[in-house]
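Peer 1: Dropping in protein37.cif, which is mmCIF, N, CA and C atoms:
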```cif
data_upload
#
loop_
_atom_site.label_atom_id
_atom_site.label_comp_id
_atom_site.auth_asym_id
_atom_site.auth_seq_id
_atom_site.Cartn_x
_atom_site.Cartn_y
_atom_site.Cartn_z
N GLN A 1 -52.25 33.49 -61.19
CA GLN A 1 -52.16 34.62 -62.10
C GLN A 1 -51.13 35.61 -61.56
N VAL A 2 -50.17 35.95 -62.41
CA VAL A 2 -49.11 36.86 -62.01
C VAL A 2 -49.61 38.30 -62.08
N GLN A 3 -49.31 39.05 -61.05
CA GLN A 3 -49.65 40.48 -61.03
C GLN A 3 -48.48 41.25 -60.43
N LEU A 4 -48.11 42.32 -61.10
CA LEU A 4 -47.06 43.22 -60.62
C LEU A 4 -47.67 44.62 -60.50
N VAL A 5 -47.54 45.21 -59.32
CA VAL A 5 -48.15 46.51 -59.08
C VAL A 5 -47.07 47.48 -58.62
N GLU A 6 -46.79 48.49 -59.46
CA GLU A 6 -45.79 49.49 -59.13
C GLU A 6 -46.42 50.64 -58.34
N SER A 7 -45.58 51.27 -57.52
CA SER A 7 -45.99 52.47 -56.79
C SER A 7 -44.74 53.28 -56.47
N GLY A 8 -44.95 54.51 -56.03
CA GLY A 8 -43.84 55.34 -55.60
C GLY A 8 -43.40 56.40 -56.57
N GLY A 9 -43.99 56.42 -57.75
CA GLY A 9 -43.62 57.45 -58.71
C GLY A 9 -44.17 58.80 -58.28
N GLY A 10 -43.76 59.84 -59.00
CA GLY A 10 -44.22 61.18 -58.69
C GLY A 10 -43.30 62.22 -59.26
N LEU A 11 -43.36 63.40 -58.67
CA LEU A 11 -42.56 64.53 -59.13
C LEU A 11 -41.39 64.74 -58.18
N ALA A 12 -40.21 64.92 -58.73
CA ALA A 12 -39.01 65.19 -57.93
C ALA A 12 -38.19 66.27 -58.62
N GLN A 13 -37.40 66.96 -57.84
CA GLN A 13 -36.49 67.95 -58.41
C GLN A 13 -35.18 67.28 -58.79
N ALA A 14 -34.50 67.86 -59.72
CA ALA A 14 -33.18 67.34 -60.09
C ALA A 14 -32.28 67.28 -58.86
N GLY A 15 -31.59 66.16 -58.72
CA GLY A 15 -30.77 65.94 -57.55
C GLY A 15 -31.48 65.22 -56.43
N GLY A 16 -32.79 65.09 -56.54
CA GLY A 16 -33.58 64.45 -55.51
C GLY A 16 -33.63 62.94 -55.66
N SER A 17 -34.49 62.33 -54.84
CA SER A 17 -34.59 60.87 -54.80
C SER A 17 -36.05 60.43 -54.80
N LEU A 18 -36.26 59.24 -55.33
CA LEU A 18 -37.54 58.54 -55.25
C LEU A 18 -37.26 57.07 -55.09
N ARG A 19 -38.19 56.35 -54.46
CA ARG A 19 -38.09 54.90 -54.39
C ARG A 19 -39.35 54.28 -54.96
N LEU A 20 -39.16 53.48 -55.99
CA LEU A 20 -40.26 52.76 -56.60
C LEU A 20 -40.38 51.37 -55.97
N SER A 21 -41.62 50.91 -55.84
CA SER A 21 -41.89 49.58 -55.32
C SER A 21 -42.65 48.77 -56.36
N CYS A 22 -42.43 47.47 -56.36
CA CYS A 22 -43.15 46.56 -57.24
C CYS A 22 -43.60 45.37 -56.39
N ALA A 23 -44.88 45.37 -56.05
CA ALA A 23 -45.43 44.28 -55.26
C ALA A 23 -45.90 43.17 -56.19
N ALA A 24 -45.39 41.97 -55.96
CA ALA A 24 -45.68 40.84 -56.84
C ALA A 24 -46.63 39.86 -56.19
N SER A 25 -47.48 39.26 -57.01
CA SER A 25 -48.32 38.15 -56.58
C SER A 25 -48.35 37.13 -57.72
N GLY A 26 -48.55 35.87 -57.36
CA GLY A 26 -48.55 34.81 -58.36
C GLY A 26 -47.16 34.29 -58.70
N LEU A 27 -46.14 34.86 -58.10
CA LEU A 27 -44.77 34.37 -58.24
C LEU A 27 -43.99 34.84 -57.01
N PHE A 28 -42.79 34.29 -56.87
CA PHE A 28 -41.92 34.68 -55.77
C PHE A 28 -40.71 35.42 -56.33
N VAL A 29 -40.48 36.64 -55.86
CA VAL A 29 -39.41 37.46 -56.43
C VAL A 29 -38.04 36.87 -56.14
N ASN A 30 -37.93 36.00 -55.13
CA ASN A 30 -36.64 35.39 -54.86
C ASN A 30 -36.40 34.13 -55.69
N ARG A 31 -37.29 33.86 -56.65
CA ARG A 31 -37.11 32.73 -57.57
C ARG A 31 -37.01 33.18 -59.03
N ARG A 32 -37.21 34.47 -59.28
CA ARG A 32 -37.26 35.00 -60.64
C ARG A 32 -36.23 36.10 -60.84
N VAL A 33 -35.78 36.23 -62.08
CA VAL A 33 -35.09 37.46 -62.46
C VAL A 33 -36.16 38.56 -62.55
N MET A 34 -35.93 39.65 -61.85
CA MET A 34 -36.85 40.79 -61.84
C MET A 34 -36.14 42.00 -62.42
N GLY A 35 -36.90 42.83 -63.13
CA GLY A 35 -36.27 43.97 -63.77
C GLY A 35 -37.11 45.23 -63.70
N TRP A 36 -36.45 46.36 -63.96
CA TRP A 36 -37.11 47.65 -64.12
C TRP A 36 -36.75 48.19 -65.50
N PHE A 37 -37.75 48.72 -66.17
CA PHE A 37 -37.57 49.37 -67.47
C PHE A 37 -38.24 50.74 -67.41
N ARG A 38 -37.94 51.58 -68.38
CA ARG A 38 -38.62 52.87 -68.45
C ARG A 38 -38.87 53.25 -69.90
N GLN A 39 -39.89 54.08 -70.07
CA GLN A 39 -40.25 54.52 -71.41
C GLN A 39 -40.61 56.00 -71.37
N ALA A 40 -39.83 56.80 -72.07
CA ALA A 40 -40.09 58.23 -72.19
C ALA A 40 -40.97 58.47 -73.41
N PRO A 41 -41.68 59.58 -73.47
CA PRO A 41 -42.55 59.87 -74.62
C PRO A 41 -41.79 59.82 -75.93
N GLY A 42 -42.33 59.09 -76.88
CA GLY A 42 -41.72 59.00 -78.20
C GLY A 42 -40.53 58.07 -78.29
N GLU A 43 -40.21 57.40 -77.20
CA GLU A 43 -39.06 56.50 -77.21
C GLU A 43 -39.50 55.07 -76.91
N GLU A 44 -38.60 54.13 -77.22
CA GLU A 44 -38.87 52.74 -76.92
C GLU A 44 -38.61 52.45 -75.44
N ARG A 45 -39.25 51.39 -74.98
CA ARG A 45 -39.02 50.96 -73.61
C ARG A 45 -37.55 50.51 -73.47
N ALA A 46 -36.90 50.94 -72.38
CA ALA A 46 -35.47 50.70 -72.23
C ALA A 46 -35.16 50.07 -70.88
N PHE A 47 -34.14 49.24 -70.88
CA PHE A 47 -33.70 48.56 -69.66
C PHE A 47 -33.11 49.56 -68.68
N VAL A 48 -33.43 49.36 -67.39
CA VAL A 48 -32.86 50.19 -66.33
C VAL A 48 -32.02 49.34 -65.38
N ALA A 49 -32.62 48.26 -64.86
CA ALA A 49 -31.90 47.44 -63.88
C ALA A 49 -32.55 46.07 -63.77
N ALA A 50 -31.78 45.09 -63.31
CA ALA A 50 -32.30 43.75 -63.09
C ALA A 50 -31.57 43.11 -61.93
N ILE A 51 -32.23 42.13 -61.31
CA ILE A 51 -31.64 41.42 -60.18
C ILE A 51 -31.97 39.94 -60.32
N THR A 52 -30.96 39.10 -60.07
CA THR A 52 -31.17 37.67 -60.18
C THR A 52 -31.84 37.12 -58.93
N TRP A 53 -32.28 35.87 -59.06
CA TRP A 53 -32.92 35.23 -57.92
C TRP A 53 -31.89 34.74 -56.91
N ASN A 54 -30.68 34.42 -57.40
CA ASN A 54 -29.67 33.83 -56.52
C ASN A 54 -28.56 34.83 -56.25
N ALA A 55 -28.33 35.07 -55.02
CA ALA A 55 -27.25 35.95 -54.56
C ALA A 55 -27.50 37.41 -54.91
N GLY A 56 -28.63 37.70 -55.51
CA GLY A 56 -28.96 39.09 -55.77
C GLY A 56 -27.99 39.81 -56.68
N VAL A 57 -27.43 39.11 -57.67
CA VAL A 57 -26.56 39.77 -58.63
C VAL A 57 -27.38 40.79 -59.41
N THR A 58 -26.79 41.95 -59.66
CA THR A 58 -27.52 43.03 -60.30
C THR A 58 -26.83 43.52 -61.56
N ARG A 59 -27.59 44.15 -62.42
CA ARG A 59 -27.07 44.79 -63.63
C ARG A 59 -27.81 46.09 -63.82
N TYR A 60 -27.10 47.11 -64.33
CA TYR A 60 -27.70 48.43 -64.55
C TYR A 60 -27.34 48.95 -65.92
N SER A 61 -28.20 49.78 -66.45
CA SER A 61 -27.84 50.48 -67.67
C SER A 61 -26.77 51.52 -67.33
N ASP A 62 -25.98 51.89 -68.32
CA ASP A 62 -24.92 52.86 -68.08
C ASP A 62 -25.48 54.20 -67.60
N SER A 63 -26.67 54.53 -68.04
CA SER A 63 -27.23 55.84 -67.73
C SER A 63 -27.64 55.98 -66.26
N VAL A 64 -27.82 54.87 -65.56
CA VAL A 64 -28.26 54.95 -64.15
C VAL A 64 -27.25 54.36 -63.19
N LYS A 65 -26.21 53.74 -63.71
CA LYS A 65 -25.23 53.08 -62.85
C LYS A 65 -24.61 54.08 -61.88
N GLY A 66 -24.58 53.69 -60.61
CA GLY A 66 -24.04 54.57 -59.58
C GLY A 66 -25.08 55.48 -58.95
N ARG A 67 -26.26 55.57 -59.56
CA ARG A 67 -27.32 56.44 -59.03
C ARG A 67 -28.54 55.64 -58.57
N PHE A 68 -28.84 54.56 -59.28
CA PHE A 68 -30.01 53.74 -58.97
C PHE A 68 -29.56 52.43 -58.34
N THR A 69 -30.42 51.87 -57.47
CA THR A 69 -30.14 50.58 -56.85
C THR A 69 -31.40 49.73 -56.86
N ILE A 70 -31.28 48.53 -57.40
CA ILE A 70 -32.39 47.58 -57.38
C ILE A 70 -32.18 46.62 -56.21
N SER A 71 -33.28 46.29 -55.53
CA SER A 71 -33.20 45.37 -54.39
C SER A 71 -34.53 44.67 -54.25
N ARG A 72 -34.58 43.72 -53.34
CA ARG A 72 -35.84 43.02 -53.11
C ARG A 72 -35.98 42.70 -51.63
N ASP A 73 -37.24 42.58 -51.21
CA ASP A 73 -37.59 42.15 -49.86
C ASP A 73 -38.39 40.86 -50.02
N ASN A 74 -37.75 39.74 -49.73
CA ASN A 74 -38.40 38.45 -49.96
C ASN A 74 -39.64 38.28 -49.08
N ALA A 75 -39.58 38.78 -47.86
CA ALA A 75 -40.73 38.63 -46.95
C ALA A 75 -41.95 39.38 -47.47
N LYS A 76 -41.72 40.52 -48.13
CA LYS A 76 -42.83 41.31 -48.69
C LYS A 76 -43.10 40.97 -50.14
N ASN A 77 -42.27 40.09 -50.71
CA ASN A 77 -42.40 39.71 -52.12
C ASN A 77 -42.44 40.97 -53.01
N THR A 78 -41.52 41.85 -52.75
CA THR A 78 -41.51 43.17 -53.39
C THR A 78 -40.10 43.49 -53.89
N VAL A 79 -40.04 44.13 -55.03
CA VAL A 79 -38.79 44.61 -55.61
C VAL A 79 -38.80 46.13 -55.58
N TYR A 80 -37.65 46.72 -55.32
CA TYR A 80 -37.54 48.17 -55.21
C TYR A 80 -36.56 48.73 -56.23
N LEU A 81 -36.74 49.99 -56.55
CA LEU A 81 -35.75 50.73 -57.32
C LEU A 81 -35.53 52.06 -56.61
N GLN A 82 -34.39 52.17 -55.94
CA GLN A 82 -34.02 53.41 -55.27
C GLN A 82 -33.32 54.30 -56.29
N MET A 83 -33.86 55.47 -56.50
CA MET A 83 -33.33 56.39 -57.51
C MET A 83 -32.81 57.65 -56.82
N ASN A 84 -31.52 57.86 -56.89
CA ASN A 84 -30.88 59.03 -56.30
C ASN A 84 -30.27 59.90 -57.38
N SER A 85 -29.94 61.12 -57.02
CA SER A 85 -29.32 62.06 -57.95
C SER A 85 -30.10 62.13 -59.26
N LEU A 86 -31.39 62.27 -59.14
CA LEU A 86 -32.26 62.25 -60.32
C LEU A 86 -31.94 63.39 -61.27
N LYS A 87 -32.13 63.11 -62.55
CA LYS A 87 -31.89 64.08 -63.61
C LYS A 87 -33.18 64.24 -64.43
N PRO A 88 -33.37 65.37 -65.08
CA PRO A 88 -34.56 65.53 -65.93
C PRO A 88 -34.70 64.42 -66.98
N GLU A 89 -33.59 63.90 -67.46
CA GLU A 89 -33.66 62.84 -68.47
C GLU A 89 -34.10 61.50 -67.88
N ASP A 90 -34.27 61.41 -66.57
CA ASP A 90 -34.84 60.21 -65.96
C ASP A 90 -36.37 60.21 -66.04
N THR A 91 -36.96 61.30 -66.51
CA THR A 91 -38.41 61.39 -66.63
C THR A 91 -38.93 60.33 -67.59
N ALA A 92 -39.86 59.50 -67.12
CA ALA A 92 -40.39 58.40 -67.93
C ALA A 92 -41.45 57.67 -67.11
N VAL A 93 -42.15 56.77 -67.78
CA VAL A 93 -42.98 55.80 -67.08
C VAL A 93 -42.08 54.60 -66.78
N TYR A 94 -42.07 54.19 -65.53
CA TYR A 94 -41.23 53.08 -65.09
C TYR A 94 -42.08 51.83 -64.91
N TYR A 95 -41.57 50.72 -65.46
CA TYR A 95 -42.28 49.45 -65.43
C TYR A 95 -41.46 48.39 -64.71
N CYS A 96 -42.15 47.61 -63.90
CA CYS A 96 -41.56 46.43 -63.27
C CYS A 96 -41.83 45.24 -64.19
N ALA A 97 -40.88 44.31 -64.25
CA ALA A 97 -41.03 43.15 -65.11
C ALA A 97 -40.49 41.90 -64.42
N ALA A 98 -41.06 40.75 -64.81
CA ALA A 98 -40.64 39.48 -64.23
C ALA A 98 -40.40 38.46 -65.33
N ASP A 99 -39.39 37.62 -65.12
CA ASP A 99 -39.09 36.52 -66.01
C ASP A 99 -40.26 35.54 -66.05
N ARG A 100 -40.35 34.77 -67.12
CA ARG A 100 -41.45 33.81 -67.27
C ARG A 100 -41.24 32.54 -66.45
N THR A 101 -39.99 32.30 -65.98
CA THR A 101 -39.70 31.04 -65.33
C THR A 101 -38.86 31.24 -64.08
N ASP A 102 -38.96 30.28 -63.18
CA ASP A 102 -38.15 30.32 -61.97
C ASP A 102 -36.72 29.87 -62.25
N TYR A 103 -35.81 30.37 -61.43
CA TYR A 103 -34.45 29.83 -61.35
C TYR A 103 -33.67 29.92 -62.66
N ARG A 104 -33.92 30.93 -63.46
CA ARG A 104 -33.11 31.10 -64.66
C ARG A 104 -31.68 31.43 -64.25
N GLY A 105 -30.72 30.85 -64.96
CA GLY A 105 -29.33 31.03 -64.57
C GLY A 105 -28.68 32.28 -65.09
N SER A 106 -29.30 32.99 -66.02
CA SER A 106 -28.69 34.18 -66.60
C SER A 106 -29.46 35.43 -66.21
N LEU A 107 -28.79 36.56 -66.30
CA LEU A 107 -29.41 37.85 -65.96
C LEU A 107 -29.96 38.48 -67.23
N LEU A 108 -31.23 38.80 -67.23
CA LEU A 108 -31.90 39.31 -68.42
C LEU A 108 -31.84 40.83 -68.46
N SER A 109 -31.85 41.38 -69.68
CA SER A 109 -31.87 42.83 -69.79
C SER A 109 -32.62 43.34 -71.01
N SER A 110 -33.24 42.46 -71.77
CA SER A 110 -33.99 42.91 -72.94
C SER A 110 -35.49 42.85 -72.67
N VAL A 111 -36.23 43.73 -73.33
CA VAL A 111 -37.67 43.79 -73.14
C VAL A 111 -38.31 42.44 -73.45
N GLY A 112 -37.89 41.82 -74.54
CA GLY A 112 -38.50 40.58 -74.98
C GLY A 112 -38.24 39.39 -74.08
N ALA A 113 -37.28 39.52 -73.17
CA ALA A 113 -36.94 38.41 -72.29
C ALA A 113 -37.88 38.31 -71.10
N PHE A 114 -38.65 39.34 -70.82
CA PHE A 114 -39.57 39.35 -69.68
C PHE A 114 -41.00 39.14 -70.16
N ASP A 115 -41.73 38.31 -69.42
CA ASP A 115 -43.09 37.98 -69.83
C ASP A 115 -44.17 38.72 -69.07
N TYR A 116 -43.85 39.17 -67.87
CA TYR A 116 -44.87 39.78 -67.02
C TYR A 116 -44.49 41.23 -66.74
N TRP A 117 -45.49 42.11 -66.82
CA TRP A 117 -45.25 43.55 -66.69
C TRP A 117 -46.30 44.19 -65.78
N GLY A 118 -45.86 45.20 -65.05
CA GLY A 118 -46.80 46.01 -64.30
C GLY A 118 -47.42 47.08 -65.19
N GLN A 119 -48.27 47.90 -64.59
CA GLN A 119 -49.00 48.92 -65.34
C GLN A 119 -48.17 50.19 -65.53
N GLY A 120 -47.10 50.31 -64.78
CA GLY A 120 -46.22 51.47 -64.91
C GLY A 120 -46.54 52.56 -63.90
N THR A 121 -45.51 53.33 -63.54
CA THR A 121 -45.68 54.47 -62.65
C THR A 121 -44.86 55.64 -63.21
N GLN A 122 -45.47 56.82 -63.24
CA GLN A 122 -44.84 57.98 -63.85
C GLN A 122 -43.83 58.61 -62.89
N VAL A 123 -42.66 58.89 -63.41
CA VAL A 123 -41.63 59.64 -62.69
C VAL A 123 -41.32 60.89 -63.51
N THR A 124 -41.45 62.04 -62.88
CA THR A 124 -41.14 63.31 -63.55
C THR A 124 -40.11 64.06 -62.72
N VAL A 125 -39.01 64.43 -63.37
CA VAL A 125 -37.93 65.15 -62.70
C VAL A 125 -37.82 66.54 -63.30
N SER A 126 -37.99 67.54 -62.45
CA SER A 126 -37.92 68.92 -62.92
C SER A 126 -36.52 69.48 -62.71
N SER A 127 -36.15 70.38 -63.60
CA SER A 127 -34.80 70.97 -63.51
C SER A 127 -34.78 72.20 -62.62
#
```
Write the structure described by the file as structure tokens, please.
Peer 2:
Amino acid sequence: QVQLVESGGGLAQAGGSLRLSCAASGLFVNRRVMGWFRQAPGEERAFVAAITWNAGVTRYSDSVKGRFTISRDNAKNTVYLQMNSLKPEDTAVYYCAADRTDYRGSLLSSVGAFDYWGQGTQVTVSS
């Protein structure tokens, strides 16, 4: 049974940093495309970042590129999202997501492409 558990959310000031963690069980993060999404009140869930299983190729949304970094620790079976230079518009619930299959050759970025989701962690950035 696949389980993704996010942690690390909280309150930060604009310009500050937070690091989110996604601890996975039931799959290996170095065999799956893993992603981060976020959902602000009244808005749809949106892509933030993703990382492939091979060579750690990454993709970011334009709104976070240059500020956020996705990475993984294979030994801990955990994926991270380092968020720097935070802005009030980054306020949202952040979700970790995993592909349904191992060794997919393409990098995913749509909500419908991921089958497994964590419960979410709230990030609030004050101005």
Peer 1: Please write the residues picked by the PyMOL selection byres ((chain A and resi 14) around 8) on this file as a PDB file with N, CA and C atoms, in the frame of the given file.
Peer 2:
```
ATOM      1  N   LEU A  11     -43.360  63.400 -58.670  1.00  0.00           N
ATOM      2  CA  LEU A  11     -42.560  64.530 -59.130  1.00  0.00           C
ATOM      3  C   LEU A  11     -41.390  64.740 -58.180  1.00  0.00           C
ATOM      4  N   ALA A  12     -40.210  64.920 -58.730  1.00  0.00           N
ATOM      5  CA  ALA A  12     -39.010  65.190 -57.930  1.00  0.00           C
ATOM      6  C   ALA A  12     -38.190  66.270 -58.620  1.00  0.00           C
ATOM      7  N   GLN A  13     -37.400  66.960 -57.840  1.00  0.00           N
ATOM      8  CA  GLN A  13     -36.490  67.950 -58.410  1.00  0.00           C
ATOM      9  C   GLN A  13     -35.180  67.280 -58.790  1.00  0.00           C
ATOM     10  N   GLY A  15     -31.590  66.160 -58.720  1.00  0.00           N
ATOM     11  CA  GLY A  15     -30.770  65.940 -57.550  1.00  0.00           C
ATOM     12  C   GLY A  15     -31.480  65.220 -56.430  1.00  0.00           C
ATOM     13  N   GLY A  16     -32.790  65.090 -56.540  1.00  0.00           N
ATOM     14  CA  GLY A  16     -33.580  64.450 -55.510  1.00  0.00           C
ATOM     15  C   GLY A  16     -33.630  62.940 -55.660  1.00  0.00           C
ATOM     16  N   SER A  17     -34.490  62.330 -54.840  1.00  0.00           N
ATOM     17  CA  SER A  17     -34.590  60.870 -54.800  1.00  0.00           C
ATOM     18  C   SER A  17     -36.050  60.430 -54.800  1.00  0.00           C
ATOM     19  N   ASN A  84     -31.520  57.860 -56.890  1.00  0.00           N
ATOM     20  CA  ASN A  84     -30.880  59.030 -56.300  1.00  0.00           C
ATOM     21  C   ASN A  84     -30.270  59.900 -57.380  1.00  0.00           C
ATOM     22  N   SER A  85     -29.940  61.120 -57.020  1.00  0.00           N
ATOM     23  CA  SER A  85     -29.320  62.060 -57.950  1.00  0.00           C
ATOM     24  C   SER A  85     -30.100  62.130 -59.260  1.00  0.00           C
ATOM     25  N   LEU A  86     -31.390  62.270 -59.140  1.00  0.00           N
ATOM     26  CA  LEU A  86     -32.260  62.250 -60.320  1.00  0.00           C
ATOM     27  C   LEU A  86     -31.940  63.390 -61.270  1.00  0.00           C
ATOM     28  N   LYS A  87     -32.130  63.110 -62.550  1.00  0.00           N
ATOM     29  CA  LYS A  87     -31.890  64.080 -63.610  1.00  0.00           C
ATOM     30  C   LYS A  87     -33.180  64.240 -64.430  1.00  0.00           C
ATOM     31  N   PRO A  88     -33.370  65.370 -65.080  1.00  0.00           N
ATOM     32  CA  PRO A  88     -34.560  65.530 -65.930  1.00  0.00           C
ATOM     33  C   PRO A  88     -34.700  64.420 -66.980  1.00  0.00           C
ATOM     34  N   THR A 124     -41.450  62.040 -62.880  1.00  0.00           N
ATOM     35  CA  THR A 124     -41.140  63.310 -63.550  1.00  0.00           C
ATOM     36  C   THR A 124     -40.110  64.060 -62.720  1.00  0.00           C
ATOM     37  N   VAL A 125     -39.010  64.430 -63.370  1.00  0.00           N
ATOM     38  CA  VAL A 125     -37.930  65.150 -62.700  1.00  0.00           C
ATOM     39  C   VAL A 125     -37.820  66.540 -63.300  1.00  0.00           C
ATOM     40  N   SER A 126     -37.990  67.540 -62.450  1.00  0.00           N
ATOM     41  CA  SER A 126     -37.920  68.920 -62.920  1.00  0.00           C
ATOM     42  C   SER A 126     -36.520  69.480 -62.710  1.00  0.00           C
ATOM     43  N   SER A 127     -36.150  70.380 -63.600  1.00  0.00           N
ATOM     44  CA  SER A 127     -34.800  70.970 -63.510  1.00  0.00           C
ATOM     45  C   SER A 127     -34.780  72.200 -62.620  1.00  0.00           C
TER      46      SER A 127
END
```
Peer 1: Check the smallest atom-to-atom distance from each of A:Ala113, A:Leu4, A:Val29, A:Leu81 to Trp53 (chain A) using only N, CA and C atoms, then report the winner.
Peer 2: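 Of the candidates, the smallest distance to Trp53 (chain A) is held by A:Val29.
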Peer 1: Closest to Ser21 (chain A) among A:Glu89, A:Gly35, A:Ala98, A:Val79, using only N, CA and C atoms?
Peer 2: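 Between A:Glu89, A:Gly35, A:Ala98, A:Val79, the residue approaching Ser21 (chain A) most closely is A:Val79.
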Peer 1: What separation in Å, quoted to one decimal, exists between CA of Met83 (chain A) and atom C of Thr58 (chain A)?
Peer 2: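 Between CA of Met83 (chain A) and atom C of Thr58 (chain A) the gap works out to 15.0 Å.
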Peer 1: For Gln1 (chain A), which residue out of A:Glu43, A:Asp102, A:Ile70, A:Tyr116 is the nearest one, using only C-alpha atoms?
Peer 2: A:Tyr116
Peer 1: Quick check on the file I pasted: which residues fall under the PyMOL selection byres ((chain A and resi 96) around 7)? Write them as a VMD selection string.
Peer 2: chain A and resid 4 6 22 34 to 37 94 to 95 97 to 98 116 to 121
